[in-house]
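Chemist: Enclosed is the structure file query35.cif (mmCIF, C-alpha atoms).
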```cif
data_model
#
loop_
_atom_site.label_atom_id
_atom_site.label_comp_id
_atom_site.auth_asym_id
_atom_site.auth_seq_id
_atom_site.Cartn_x
_atom_site.Cartn_y
_atom_site.Cartn_z
CA MET A 1 -25.38 59.45 -21.59
CA ALA A 2 -22.16 60.23 -19.79
CA LYS A 3 -19.06 58.46 -18.62
CA ILE A 4 -19.97 56.92 -15.30
CA THR A 5 -17.67 58.30 -12.64
CA LYS A 6 -17.96 58.76 -8.91
CA ARG A 7 -19.15 62.33 -9.40
CA VAL A 8 -21.90 61.18 -11.78
CA VAL A 9 -22.99 58.54 -9.28
CA ASP A 10 -23.02 60.97 -6.34
CA THR A 11 -24.92 63.71 -8.18
CA ALA A 12 -27.52 61.48 -9.84
CA GLU A 13 -30.94 62.65 -8.67
CA THR A 14 -33.69 60.29 -7.54
CA GLY A 15 -37.10 60.42 -9.16
CA THR A 16 -40.51 58.85 -8.72
CA LYS A 17 -39.37 55.90 -10.83
CA ASP A 18 -36.16 53.96 -11.34
CA TYR A 19 -34.01 54.99 -14.32
CA VAL A 20 -30.65 54.11 -15.91
CA ILE A 21 -27.73 56.36 -16.86
CA TRP A 22 -25.82 54.69 -19.69
CA ASP A 23 -22.06 54.99 -20.06
CA ASP A 24 -20.93 56.72 -23.26
CA GLU A 25 -17.58 54.88 -23.43
CA LEU A 26 -18.59 51.26 -22.76
CA PRO A 27 -21.81 50.34 -24.60
CA GLY A 28 -24.17 48.35 -22.42
CA PHE A 29 -22.69 49.52 -19.09
CA GLY A 30 -24.98 51.62 -16.92
CA LEU A 31 -25.90 52.97 -13.49
CA ARG A 32 -29.39 52.19 -12.24
CA VAL A 33 -30.80 54.85 -9.91
CA PHE A 34 -33.64 53.61 -7.71
CA ALA A 35 -36.52 55.74 -6.45
CA SER A 36 -35.36 54.72 -2.97
CA GLY A 37 -31.98 56.39 -3.55
CA LYS A 38 -29.95 53.22 -3.96
CA ARG A 39 -27.69 52.88 -6.97
CA SER A 40 -26.42 49.74 -8.71
CA TYR A 41 -24.26 48.95 -11.72
CA VAL A 42 -25.76 46.95 -14.61
CA ILE A 43 -25.02 45.74 -18.10
CA GLN A 44 -27.56 45.38 -20.93
CA TYR A 45 -26.93 42.93 -23.80
CA ARG A 46 -28.69 40.65 -26.27
CA SER A 47 -28.50 36.85 -26.12
CA ARG A 48 -30.23 34.53 -28.58
CA GLY A 49 -32.40 37.40 -29.79
CA ARG A 50 -33.48 38.45 -26.29
CA SER A 51 -32.54 41.64 -24.44
CA ARG A 52 -31.05 40.71 -21.05
CA ARG A 53 -30.03 42.82 -18.06
CA TYR A 54 -27.41 41.69 -15.57
CA THR A 55 -26.83 43.44 -12.23
CA ILE A 56 -23.19 43.72 -11.22
CA GLY A 57 -23.90 45.01 -7.70
CA LEU A 58 -24.67 48.00 -5.47
CA HIS A 59 -22.63 51.19 -5.43
CA GLY A 60 -20.59 51.19 -2.25
CA VAL A 61 -19.73 47.56 -2.59
CA TRP A 62 -18.61 48.33 -6.11
CA THR A 63 -16.92 51.54 -7.30
CA PRO A 64 -17.33 52.94 -10.84
CA GLU A 65 -13.84 51.63 -11.71
CA THR A 66 -14.29 48.08 -10.38
CA ALA A 67 -17.81 47.89 -11.84
CA ARG A 68 -16.45 48.98 -15.25
CA ARG A 69 -13.82 46.21 -15.17
CA GLU A 70 -16.48 43.64 -14.23
CA ALA A 71 -18.76 44.94 -17.00
CA LYS A 72 -15.98 44.47 -19.59
CA ALA A 73 -15.37 40.92 -18.33
CA GLN A 74 -19.06 39.95 -18.48
CA LEU A 75 -19.63 41.59 -21.88
CA GLY A 76 -16.57 39.67 -23.14
CA ARG A 77 -18.28 36.44 -22.00
CA VAL A 78 -21.44 37.50 -23.83
CA ALA A 79 -19.39 37.92 -27.00
CA ARG A 80 -18.24 34.31 -26.59
CA GLY A 81 -21.83 33.08 -26.36
CA ASP A 82 -22.36 32.99 -22.58
CA ASP A 83 -25.43 34.42 -20.83
CA PRO A 84 -24.50 35.77 -17.36
CA ALA A 85 -28.10 36.69 -16.45
CA GLU A 86 -29.39 33.19 -17.22
CA GLU A 87 -26.52 31.58 -15.32
CA ARG A 88 -27.31 33.71 -12.26
CA GLU A 89 -30.97 32.76 -12.50
CA GLU A 90 -30.03 29.09 -12.64
CA ASP A 91 -27.76 29.58 -9.64
CA ARG A 92 -30.62 31.08 -7.66
CA LYS A 93 -32.81 28.12 -8.57
CA ALA A 94 -30.06 25.59 -7.85
CA LEU A 95 -31.06 23.01 -5.23
CA THR A 96 -29.37 23.34 -1.84
CA ILE A 97 -28.46 20.43 0.43
CA LYS A 98 -31.26 21.48 2.80
CA GLN A 99 -33.84 21.47 -0.01
CA LEU A 100 -32.62 18.08 -1.25
CA CYS A 101 -32.81 16.65 2.27
CA GLU A 102 -36.36 17.95 2.75
CA GLN A 103 -37.41 16.27 -0.52
CA TYR A 104 -35.71 13.06 0.60
CA ILE A 105 -37.50 13.15 3.98
CA ALA A 106 -40.88 13.71 2.29
CA ASP A 107 -40.36 10.75 -0.04
CA MET A 108 -39.04 8.62 2.82
CA GLU A 109 -42.13 9.33 4.94
CA ALA A 110 -44.31 8.52 1.93
CA GLY A 111 -42.68 5.07 1.68
CA LEU A 112 -40.86 5.85 -1.57
CA ILE A 113 -37.34 5.34 -0.22
CA LEU A 114 -36.53 1.65 0.07
CA GLY A 115 -34.34 0.28 2.82
CA LYS A 116 -33.11 -3.18 3.77
CA GLY A 117 -34.57 -6.00 1.71
CA GLY A 118 -36.16 -3.57 -0.77
CA ARG A 119 -38.82 -2.59 1.78
CA PRO A 120 -39.92 0.96 2.70
CA LYS A 121 -38.01 2.25 5.70
CA LYS A 122 -39.60 1.67 9.11
CA GLU A 123 -40.82 4.50 11.31
CA THR A 124 -37.95 4.00 13.75
CA THR A 125 -35.41 4.10 10.91
CA ILE A 126 -37.04 7.20 9.44
CA ALA A 127 -36.92 8.93 12.84
CA THR A 128 -33.22 8.08 13.16
CA ASP A 129 -32.44 9.26 9.61
CA VAL A 130 -34.36 12.52 10.09
CA GLY A 131 -32.43 13.12 13.30
CA ARG A 132 -29.10 12.68 11.53
CA ILE A 133 -30.19 14.93 8.68
CA ARG A 134 -31.43 17.76 10.91
CA ARG A 135 -28.68 17.50 13.53
CA HIS A 136 -25.60 16.88 11.41
CA ILE A 137 -26.06 17.24 7.64
CA ILE A 138 -28.17 20.41 7.42
CA PRO A 139 -26.25 22.39 10.10
CA LEU A 140 -22.95 21.71 8.34
CA LEU A 141 -23.95 21.70 4.65
CA GLY A 142 -27.52 22.98 4.38
CA THR A 143 -26.86 26.21 2.48
CA ARG A 144 -24.43 24.64 -0.02
CA ARG A 145 -25.62 23.86 -3.53
CA VAL A 146 -25.88 20.16 -4.28
CA ARG A 147 -24.00 20.44 -7.55
CA ASP A 148 -21.05 22.17 -5.86
CA ILE A 149 -20.37 19.41 -3.33
CA THR A 150 -17.10 17.54 -3.86
CA LYS A 151 -15.42 14.51 -2.29
CA PRO A 152 -13.12 16.78 -0.21
CA ASP A 153 -16.28 18.39 1.17
CA MET A 154 -17.49 14.94 2.20
CA ASN A 155 -14.17 14.17 3.85
CA ASN A 156 -14.29 17.46 5.79
CA LEU A 157 -17.90 16.81 6.85
CA MET A 158 -16.96 13.39 8.21
CA LYS A 159 -14.04 14.87 10.16
CA ASP A 160 -16.27 17.62 11.59
CA ILE A 161 -18.82 15.08 12.87
CA ILE A 162 -16.08 12.90 14.37
CA ALA A 163 -14.63 16.00 16.06
CA GLY A 164 -18.05 16.81 17.56
CA LYS A 165 -18.71 20.11 15.76
CA THR A 166 -22.44 19.31 15.77
CA ARG A 167 -22.46 18.52 19.50
CA VAL A 168 -25.53 20.06 21.11
CA THR A 169 -28.26 19.36 23.67
CA MET A 170 -31.77 20.15 22.48
CA LYS A 171 -35.34 19.75 23.67
CA THR A 172 -37.60 17.14 22.12
CA GLU A 173 -41.36 17.01 21.71
CA LYS A 174 -41.72 14.84 24.81
CA LEU A 175 -42.39 16.47 28.17
CA ARG A 176 -39.03 17.30 29.78
CA GLY A 177 -37.43 15.36 26.92
CA LYS A 178 -34.03 16.22 25.50
CA ALA A 179 -31.71 14.89 22.84
CA ILE A 180 -27.96 14.90 23.44
CA VAL A 181 -26.14 15.09 20.10
CA ARG A 182 -22.50 14.11 20.59
CA GLY A 183 -21.15 13.22 17.16
CA GLY A 184 -18.16 10.89 17.13
CA ARG A 185 -16.82 8.08 14.97
CA GLY A 186 -19.90 5.85 14.90
CA THR A 187 -22.25 8.77 14.21
CA ALA A 188 -19.98 9.98 11.40
CA ILE A 189 -19.89 6.55 9.73
CA ARG A 190 -23.68 6.17 9.84
CA THR A 191 -24.32 9.77 8.75
CA MET A 192 -22.00 9.42 5.76
CA GLY A 193 -23.79 6.20 4.80
CA LEU A 194 -27.12 8.03 4.94
CA LEU A 195 -25.72 10.97 2.95
CA GLY A 196 -24.46 8.55 0.32
CA GLY A 197 -28.04 7.30 -0.05
CA ILE A 198 -29.32 10.88 -0.33
CA PHE A 199 -26.83 11.67 -3.09
CA SER A 200 -27.77 8.44 -4.92
CA TYR A 201 -31.36 9.69 -4.71
CA ALA A 202 -30.18 12.98 -6.25
CA VAL A 203 -28.40 11.13 -9.07
CA GLU A 204 -31.57 9.15 -9.86
CA ALA A 205 -33.55 12.41 -9.88
CA GLY A 206 -31.11 13.98 -12.37
CA VAL A 207 -29.96 16.70 -9.95
CA ILE A 208 -26.30 15.63 -10.17
CA GLU A 209 -24.37 13.16 -12.30
CA HIS A 210 -22.03 11.62 -9.73
CA ASN A 211 -22.25 10.70 -6.06
CA PRO A 212 -19.49 12.60 -4.19
CA THR A 213 -19.39 10.01 -1.38
CA HIS A 214 -18.26 7.20 -3.70
CA GLY A 215 -14.74 6.09 -2.87
CA LEU A 216 -14.73 7.97 0.43
CA ARG A 217 -12.48 6.28 3.00
CA LYS A 218 -14.45 5.88 6.22
CA PRO A 219 -13.12 4.72 9.59
CA LYS A 220 -13.94 1.16 10.54
CA TYR A 221 -16.70 0.35 12.99
CA GLN A 222 -15.49 -0.42 16.48
CA VAL A 223 -16.86 -3.92 16.91
CA ARG A 224 -18.78 -4.34 20.15
CA ASP A 225 -17.43 -7.63 21.46
CA ARG A 226 -18.47 -7.31 25.12
CA ARG A 227 -19.97 -10.55 26.40
CA LEU A 228 -20.91 -11.85 29.80
CA SER A 229 -18.73 -14.37 31.52
CA GLU A 230 -20.42 -17.22 33.38
CA ALA A 231 -19.71 -15.46 36.68
CA GLU A 232 -21.35 -12.29 35.32
CA TYR A 233 -24.43 -14.29 34.30
CA ARG A 234 -24.77 -15.35 37.92
CA VAL A 235 -24.45 -11.71 39.02
CA LEU A 236 -27.10 -10.78 36.44
CA GLY A 237 -29.41 -13.42 37.83
CA GLY A 238 -29.12 -11.87 41.28
CA ILE A 239 -29.81 -8.37 39.96
CA LEU A 240 -32.90 -9.56 38.08
CA ARG A 241 -34.25 -11.48 41.07
CA GLU A 242 -33.88 -8.40 43.27
CA ALA A 243 -35.48 -6.17 40.63
CA ARG A 244 -38.50 -8.49 40.37
CA GLU A 245 -39.27 -7.75 44.01
CA SER A 246 -40.10 -4.17 42.97
CA ASN A 247 -43.41 -3.49 41.22
CA HIS A 248 -41.71 -0.72 39.26
CA TYR A 249 -38.86 -2.84 37.89
CA ARG A 250 -40.52 -6.26 37.67
CA ILE A 251 -41.68 -6.05 34.06
CA HIS A 252 -38.37 -4.55 32.87
CA ALA A 253 -36.44 -7.29 34.68
CA ASP A 254 -38.58 -9.88 32.87
CA ILE A 255 -37.79 -8.20 29.53
CA LEU A 256 -34.05 -8.40 30.23
CA ARG A 257 -34.38 -12.04 31.27
CA LEU A 258 -36.25 -12.90 28.07
CA ILE A 259 -33.62 -11.12 25.96
CA ALA A 260 -30.95 -13.14 27.76
CA LEU A 261 -32.84 -16.40 27.10
CA THR A 262 -33.65 -15.73 23.43
CA GLY A 263 -30.94 -13.44 22.03
CA CYS A 264 -33.68 -11.25 20.55
CA ARG A 265 -33.25 -7.56 19.92
CA ARG A 266 -34.70 -5.38 22.67
CA GLY A 267 -37.39 -3.90 20.41
CA GLU A 268 -38.52 -7.38 19.40
CA ILE A 269 -39.21 -8.25 23.04
CA ILE A 270 -40.55 -4.89 24.19
CA ASN A 271 -43.08 -4.84 21.32
CA LEU A 272 -43.80 -8.57 21.33
CA LYS A 273 -47.51 -9.35 20.83
CA TRP A 274 -49.34 -12.45 22.02
CA SER A 275 -50.43 -13.01 18.44
CA GLU A 276 -46.73 -13.51 17.57
CA VAL A 277 -46.19 -16.15 20.28
CA ASP A 278 -46.52 -19.74 19.02
CA LEU A 279 -46.21 -21.87 22.14
CA GLU A 280 -47.09 -25.11 20.39
CA GLY A 281 -44.44 -24.49 17.73
CA SER A 282 -41.90 -23.27 20.32
CA CYS A 283 -41.21 -20.10 18.37
CA LEU A 284 -41.94 -16.41 18.00
CA ARG A 285 -43.48 -15.44 14.65
CA LEU A 286 -42.34 -11.83 14.50
CA ILE A 287 -44.29 -9.78 12.00
CA ASP A 288 -41.90 -6.86 11.69
CA SER A 289 -38.34 -7.49 12.86
CA LYS A 290 -35.22 -5.78 11.51
CA GLU A 291 -35.10 -8.44 8.80
CA GLY A 292 -38.84 -8.22 8.07
CA SER A 293 -41.07 -11.10 9.15
CA SER A 294 -39.06 -13.69 11.08
CA VAL A 295 -39.72 -17.03 12.73
CA ARG A 296 -37.52 -17.28 15.83
CA PRO A 297 -37.11 -20.63 17.65
CA VAL A 298 -37.22 -20.38 21.46
CA GLY A 299 -36.25 -22.89 24.14
CA LEU A 300 -38.39 -24.63 26.69
CA PRO A 301 -37.55 -22.15 29.51
CA VAL A 302 -39.03 -19.38 27.34
CA VAL A 303 -42.09 -21.42 26.43
CA GLU A 304 -42.78 -22.20 30.10
CA TYR A 305 -42.39 -18.54 31.09
CA LEU A 306 -44.75 -17.34 28.35
CA GLU A 307 -47.31 -20.06 29.16
CA ASP A 308 -47.36 -18.93 32.79
CA GLU A 309 -47.58 -15.21 31.92
CA ARG A 310 -50.35 -15.78 29.35
CA LYS A 311 -52.63 -16.90 32.18
CA ARG A 312 -52.07 -13.63 34.04
CA ARG A 313 -51.96 -11.00 31.31
CA ALA A 314 -54.64 -9.73 28.98
CA GLY A 315 -54.30 -7.34 26.06
CA THR A 316 -52.27 -7.23 22.88
CA TYR A 317 -48.73 -7.03 24.25
CA VAL A 318 -46.76 -9.57 26.26
CA PHE A 319 -45.27 -6.68 28.23
CA PRO A 320 -48.09 -4.11 28.41
CA GLY A 321 -47.79 -0.47 29.37
CA LYS A 322 -50.04 1.41 31.73
CA GLY A 323 -53.41 2.68 30.61
CA LEU A 324 -54.04 2.11 26.91
CA ASP A 325 -53.38 -1.17 25.11
CA ASN A 326 -49.74 -0.40 24.30
CA ALA A 327 -46.25 -1.73 24.90
CA VAL A 328 -44.40 -0.95 28.11
CA GLY A 329 -42.34 2.24 28.19
CA ASN A 330 -39.28 3.65 29.99
CA PHE A 331 -37.28 0.47 29.44
CA PRO A 332 -33.90 2.16 28.72
CA GLN A 333 -34.11 4.27 31.87
CA SER A 334 -35.03 1.25 33.99
CA TRP A 335 -32.30 -1.16 32.88
CA LYS A 336 -29.68 1.56 33.26
CA LYS A 337 -30.82 2.19 36.83
CA MET A 338 -30.86 -1.55 37.58
CA PHE A 339 -27.25 -1.94 36.45
CA LYS A 340 -25.96 1.33 37.90
CA ASP A 341 -23.40 0.91 40.69
CA THR A 342 -23.11 -2.83 39.93
CA PRO A 343 -20.33 -4.85 38.26
CA LEU A 344 -22.58 -4.91 35.16
CA TRP A 345 -22.79 -1.12 34.77
CA ASP A 346 -21.69 -1.38 31.11
CA VAL A 347 -24.11 -4.16 30.12
CA THR A 348 -26.79 -3.36 27.53
CA PRO A 349 -29.50 -5.46 25.87
CA HIS A 350 -27.16 -5.82 22.89
CA VAL A 351 -24.53 -7.33 25.21
CA LEU A 352 -27.12 -9.91 26.31
CA ARG A 353 -27.89 -10.70 22.67
CA HIS A 354 -24.19 -11.00 21.81
CA SER A 355 -23.61 -13.15 24.90
CA PHE A 356 -26.43 -15.52 23.88
CA ALA A 357 -24.77 -16.01 20.48
CA SER A 358 -21.38 -16.49 22.16
CA ILE A 359 -22.79 -19.15 24.50
CA ALA A 360 -24.28 -20.93 21.48
CA ASN A 361 -20.86 -20.86 19.84
CA ASP A 362 -19.23 -22.19 23.02
CA LEU A 363 -21.70 -25.06 23.00
CA GLY A 364 -20.61 -26.06 19.51
CA PHE A 365 -23.46 -24.85 17.32
CA THR A 366 -22.73 -23.77 13.76
CA GLU A 367 -22.76 -20.19 12.56
CA ILE A 368 -25.88 -20.76 10.44
CA THR A 369 -27.74 -22.27 13.41
CA ILE A 370 -26.77 -19.34 15.65
CA ALA A 371 -27.89 -16.91 12.93
CA ALA A 372 -31.30 -18.62 12.85
CA LEU A 373 -31.58 -18.48 16.64
CA ILE A 374 -30.96 -14.72 16.87
CA GLY A 375 -32.52 -13.65 13.56
CA HIS A 376 -29.54 -12.59 11.48
CA ALA A 377 -30.28 -12.11 7.77
CA LYS A 378 -27.93 -14.93 6.71
CA GLY A 379 -29.77 -17.51 8.80
CA SER A 380 -33.18 -16.14 9.74
CA VAL A 381 -36.29 -18.20 9.04
CA THR A 382 -38.56 -15.72 7.29
CA SER A 383 -41.23 -17.68 5.44
CA LYS A 384 -44.74 -17.11 6.77
CA TYR A 385 -45.58 -20.61 5.50
CA VAL A 386 -43.18 -22.30 7.95
CA HIS A 387 -45.49 -24.06 10.42
CA THR A 388 -43.05 -26.53 11.98
CA LEU A 389 -39.44 -25.62 12.68
CA ASP A 390 -36.61 -28.09 12.22
CA SER A 391 -36.14 -30.10 15.43
CA THR A 392 -32.44 -29.19 15.30
CA LEU A 393 -33.28 -25.53 15.80
CA ILE A 394 -35.65 -26.32 18.67
CA MET A 395 -32.95 -28.46 20.27
CA ALA A 396 -30.42 -25.66 19.85
CA ALA A 397 -32.81 -23.14 21.40
CA ASP A 398 -33.51 -25.53 24.29
CA THR A 399 -29.80 -26.09 24.89
CA VAL A 400 -28.70 -22.44 24.82
CA SER A 401 -31.66 -21.01 26.76
CA GLY A 402 -31.44 -23.86 29.27
CA TYR A 403 -27.74 -23.20 29.76
CA VAL A 404 -28.30 -19.43 30.21
CA LYS A 405 -31.22 -20.06 32.61
CA ALA A 406 -29.02 -22.30 34.74
CA LEU A 407 -26.30 -19.64 34.85
CA LEU A 408 -28.84 -16.99 35.91
CA GLU A 409 -29.92 -19.30 38.70
CA GLY A 410 -26.34 -19.66 39.94
CA VAL A 411 -25.27 -23.00 38.45
CA GLU A 412 -21.53 -23.44 37.84
CA PHE A 413 -20.62 -25.66 34.86
CA ARG A 414 -17.30 -27.40 34.66
CA ARG A 415 -17.09 -27.02 30.89
CA ASN A 416 -18.52 -24.79 28.18
CA THR A 417 -18.39 -27.17 25.22
CA TYR A 418 -20.14 -30.15 26.70
CA THR A 419 -21.94 -30.89 23.42
CA LEU A 420 -18.54 -31.97 22.10
CA ASP A 421 -17.72 -34.04 25.18
CA ARG A 422 -17.58 -37.76 24.28
CA GLN A 423 -19.38 -38.96 27.39
CA SER A 424 -22.24 -36.51 26.80
CA ARG A 425 -22.45 -37.51 23.16
CA GLN A 426 -22.49 -41.21 24.05
CA SER A 427 -25.17 -40.61 26.68
CA ALA A 428 -27.31 -38.87 24.08
CA ILE A 429 -26.86 -41.81 21.67
CA ASN A 430 -27.73 -44.34 24.36
CA GLU A 431 -30.83 -42.37 25.31
CA MET A 432 -31.95 -42.27 21.69
CA LEU A 433 -31.38 -46.02 21.27
CA ASN A 434 -33.29 -46.79 24.48
CA GLU A 435 -36.24 -44.76 23.19
CA SER A 436 -36.12 -46.63 19.88
CA HIS A 437 -35.87 -50.11 21.45
CA PRO A 438 -37.71 -50.09 24.78
CA SER A 439 -36.78 -52.97 27.08
CA THR A 440 -39.34 -55.73 27.53
#
```
In structure tokens, write the structure found in this file.
Modeler:
Amino acid sequence: MAKITKRVVDTAETGTKDYVIWDDELPGFGLRVFASGKRSYVIQYRSRGRSRRYTIGLHGVWTPETARREAKAQLGRVARGDDPAEEREEDRKALTIKQLCEQYIADMEAGLILGKGGRPKKETTIATDVGRIRRHIIPLLGTRRVRDITKPDMNNLMKDIIAGKTRVTMKTEKLRGKAIVRGGRGTAIRTMGLLGGIFSYAVEAGVIEHNPTHGLRKPKYQVRDRRLSEAEYRVLGGILREARESNHYRIHADILRLIALTGCRRGEIINLKWSEVDLEGSCLRLIDSKEGSSVRPVGLPVVEYLEDERKRRAGTYVFPGKGLDNAVGNFPQSWKKMFKDTPLWDVTPHVLRHSFASIANDLGFTEITIAALIGHAKGSVTSKYVHTLDSTLIMAADTVSGYVKALLEGVEFRRNTYTLDRQSRQSAINEMLNESHPST
């Protein structure tokens, strides 16, 4: 034993095994000399009847003087009942954000994470969530311990994503495929929502006690209110007619037209199966929409189109791809090319869906009817036992799709709200009365 000084450290000889030189002034403080020649400062103490050794750090990073001061501080904690070695071991085992996210992904892929309506998340949702985790959350927070994360950390993460700190272009598994990660306000809002779910998962698992995203002030969504005017519908009709002349664009033009006539989501039309088409009931019986199973009323123009196409197409899908029995591909690339360098360059399938709902509103239909037409949760018809839809919904689908079809074909209406026009209403009453009391 000797007082550990710089001279003692420098002159300590290496042996075939590690050994410790103990300080003769501060009991429990020592210098560990490794067979490799490295030297580190340690303390030895007893806690709850067990002998424990705690490493302060390597010589070079620490000097004998600074290591002695740290040893006194840690031994003082031991005297108060703390166990520095056990705390360090717990810290090493502490779950990181990356490890938590990997556990969450595994459970999500196993169907153990429930999404909308208490159902396991869909494959498309899982793919989106995994992308946000791997491209935003892990790069910015992955090495941090879950239990150390605070609300200010969440606020800073949100600001970093909005500012585009995770912006990158990366290759995907597809041939010549790439993903462009931009960040921004919308991405930040959705990522923070996902992270809130991940932390709730951690709370349920007992990893942490509180969710650090609770009470976080997030920016509001920028509502997408773009809709087509009647003149733009006529332009769209011309674009679609021209596209149908091309074998390459024909099927994608038909998809856009059907979205415009139904207000369906693009995935619902792209992946539409003949088994989901009920021509007699004038509806689509979607097995797996965003809201789960959904019965969607469609108008006569849609029924007539599907009847005609059914005679020409075989296979599972209404819009089949090439080769195997699968759905058509490359739709996003095609509609973007169709609209490029046209007045409708900013139109998307969602704009067509929103425009369908707006036309229905213009024509005087109620919010609940419109919700049923386009499959919103507050108005969607979801029961698999519904065999006959209410005639009001069929009439609404006929009216809206008929109106949109006429616009696509170039018709100019003098009014938008003709269902509220007295002459039209009286004509409808007279027609009904004539059908009830045929003339003799």
Chemist: Could you write out as a list of chain:residue names the residues that the PyMOL selection byres ((chain A and resi 345) around 12) matches in the shown file?
Modeler: A:Leu228, A:Glu232, A:Val235, A:Leu236, A:Ile239, A:Trp335, A:Lys336, A:Lys337, A:Met338, A:Phe339, A:Lys340, A:Asp341, A:Thr342, A:Pro343, A:Leu344, A:Asp346, A:Val347, A:Thr348, A:Pro349, A:Val351
Chemist: Find the distance between atom CA of Thr11 of chain A and atom CA of Gly37 of chain A and write it in Å to one decimal.
Modeler: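 Value for the atom CA of Thr11 of chain A-atom CA of Gly37 of chain A distance: 11.2 Å.
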Chemist: Considering only C-alpha atoms, state which residue in the set A:Gly30, A:Gly410, A:Gly402, A:Pro332 is at the smallest distance from Leu300 of chain A.
Modeler: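 Checking each candidate against Leu300 of chain A, we get A:Gly402 as the closest.
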Chemist: Could you work out how far atom CA of Thr262 of chain A lies from atom CA of Ala127 of chain A, giving the answer in Å with one decimal?
Modeler: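 Atom CA of Thr262 of chain A lies at a distance of 27.0 Å from atom CA of Ala127 of chain A.
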Chemist: Do a neighbour search on Arg185 of chain A at 12 Å with only C-alpha atoms, toss out local chain neighbours closer than 2 positions, and write the hits as a list in words.
Modeler: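 So, after excluding close chain neighbours, the residues are Leu157, Met158, Lys159, Asp160, Ile161, Ile162, Ala163, Gly164, Arg182, Gly183, Thr187, Ala188, Ile189, Arg190, Thr191, Met192, Lys218, Pro219, Lys220, Tyr221 and Gln222 of chain A.
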Chemist: I'd like to see the residues matched by the PyMOL selection byres ((chain A and resi 36) around 9) on this file, and ideally I'd get them as a ChimeraX atom specification.
Modeler: /A:14-18,33-35,37-39
Chemist: For each of A:Gly186, A:Val8, A:Asp83, A:Gly142, take the minimum atom-to-atom distance to Arg48 of chain A, counting all atoms listed in the file, then give the residue where this is smallest.
Modeler: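 Closest to Arg48 of chain A of all the choices is A:Asp83.
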Chemist: Rounded to one decimal place, report the atom CA of Leu95 of chain A-atom CA of Lys165 of chain A distance in Å.
Modeler: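 Rounded to one decimal, the two atoms are 24.5 Å apart.
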Chemist: Of the residues A:Asn434, A:Ser282, A:Ser427, A:Thr63, which is the one nearest to Ser391 of chain A, using only C-alpha atoms?
Modeler: A:Ser282
Chemist: For a quick check of understanding, using only C-alpha atoms, which of A:Cys264, A:Lys311, A:Val318, A:Thr392 has the smallest distance to Ser355 of chain A?
Modeler: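 Once distances to Ser355 of chain A are computed over only C-alpha atoms, the minimum belongs to A:Cys264.
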Chemist: Could you list, as a PyMOL selection string, every residue within 12 Å of Gly237 of chain A, counting all atoms listed in the file and ignoring same-chain residues fewer than 6 positions away?
Modeler: chain A and resi 228+230-231+243-244+253-254+256-258+260-261+338-339+344+404-411
Chemist: Could you write those residues out with C-alpha atoms, as a JSON list (two decimals), keeping the file's coordinate frame?
Modeler:
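Output file part_21.json is given in full below:
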```
[["chain", "number", "residue", "atom", "x", "y", "z"],
["A", 228, "LEU", "CA", -20.91, -11.85, 29.80],
["A", 230, "GLU", "CA", -20.42, -17.22, 33.38],
["A", 231, "ALA", "CA", -19.71, -15.46, 36.68],
["A", 243, "ALA", "CA", -35.48, -6.17, 40.63],
["A", 244, "ARG", "CA", -38.50, -8.49, 40.37],
["A", 253, "ALA", "CA", -36.44, -7.29, 34.68],
["A", 254, "ASP", "CA", -38.58, -9.88, 32.87],
["A", 256, "LEU", "CA", -34.05, -8.40, 30.23],
["A", 257, "ARG", "CA", -34.38, -12.04, 31.27],
["A", 258, "LEU", "CA", -36.25, -12.90, 28.07],
["A", 260, "ALA", "CA", -30.95, -13.14, 27.76],
["A", 261, "LEU", "CA", -32.84, -16.40, 27.10],
["A", 338, "MET", "CA", -30.86, -1.55, 37.58],
["A", 339, "PHE", "CA", -27.25, -1.94, 36.45],
["A", 344, "LEU", "CA", -22.58, -4.91, 35.16],
["A", 404, "VAL", "CA", -28.30, -19.43, 30.21],
["A", 405, "LYS", "CA", -31.22, -20.06, 32.61],
["A", 406, "ALA", "CA", -29.02, -22.30, 34.74],
["A", 407, "LEU", "CA", -26.30, -19.64, 34.85],
["A", 408, "LEU", "CA", -28.84, -16.99, 35.91],
["A", 409, "GLU", "CA", -29.92, -19.30, 38.70],
["A", 410, "GLY", "CA", -26.34, -19.66, 39.94],
["A", 411, "VAL", "CA", -25.27, -23.00, 38.45]]
```
Chemist: I'd like to know which of A:Arg46, A:Lys6, A:Arg167, A:Arg241 is closest to Ala67 of chain A, using only C-alpha atoms.
Modeler: A:Lys6
Chemist: Compute the distance from (-20.6, 52.5, -19.8) to each atom, counting all atoms listed in the file, keep the residues with any atom at most 12 Å away, and return them as a PyMOL selection string; use the coordinates of the file.
Modeler: chain A and resi 1-5+8+20-32+41-44+64-65+67-72+75
Chemist: What does the PyMOL selection byres ((chain A and resi 299) around 12) select in this file, as a ChimeraX atom specification?
Modeler: /A:258,260-263,278-284,296-298,300-306,373,391-405
Chemist: When you count all atoms listed in the file, which of these residues is closest to Ala110 of chain A: A:Ile97, A:Leu195, A:Ile126, A:Leu286?
Modeler: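 Counting all atoms listed in the file, the residue closest to Ala110 of chain A is A:Ile126.
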Chemist: Once 3 Å is added on each side, what are the centre and the three edge lengths, in Å to one decimal, of the axis-aligned box enclosing the listed atoms of segment 295-308 of chain A? Present them as lines of an AutoDock Vina configuration file.
Modeler:
```
center_x = -41.8
center_y = -20.8
center_z = 22.8
size_x = 17.1
size_y = 13.6
size_z = 26.1
```
Chemist: Tell me which protein, DNA and RNA residues are within 10 Å of Gly267 of chain A, counting all atoms listed in the file, leaving out same-chain ones fewer than 5 positions away, and put them as a VMD selection string.
Modeler: chain A and resid 259 272 289 to 290 349
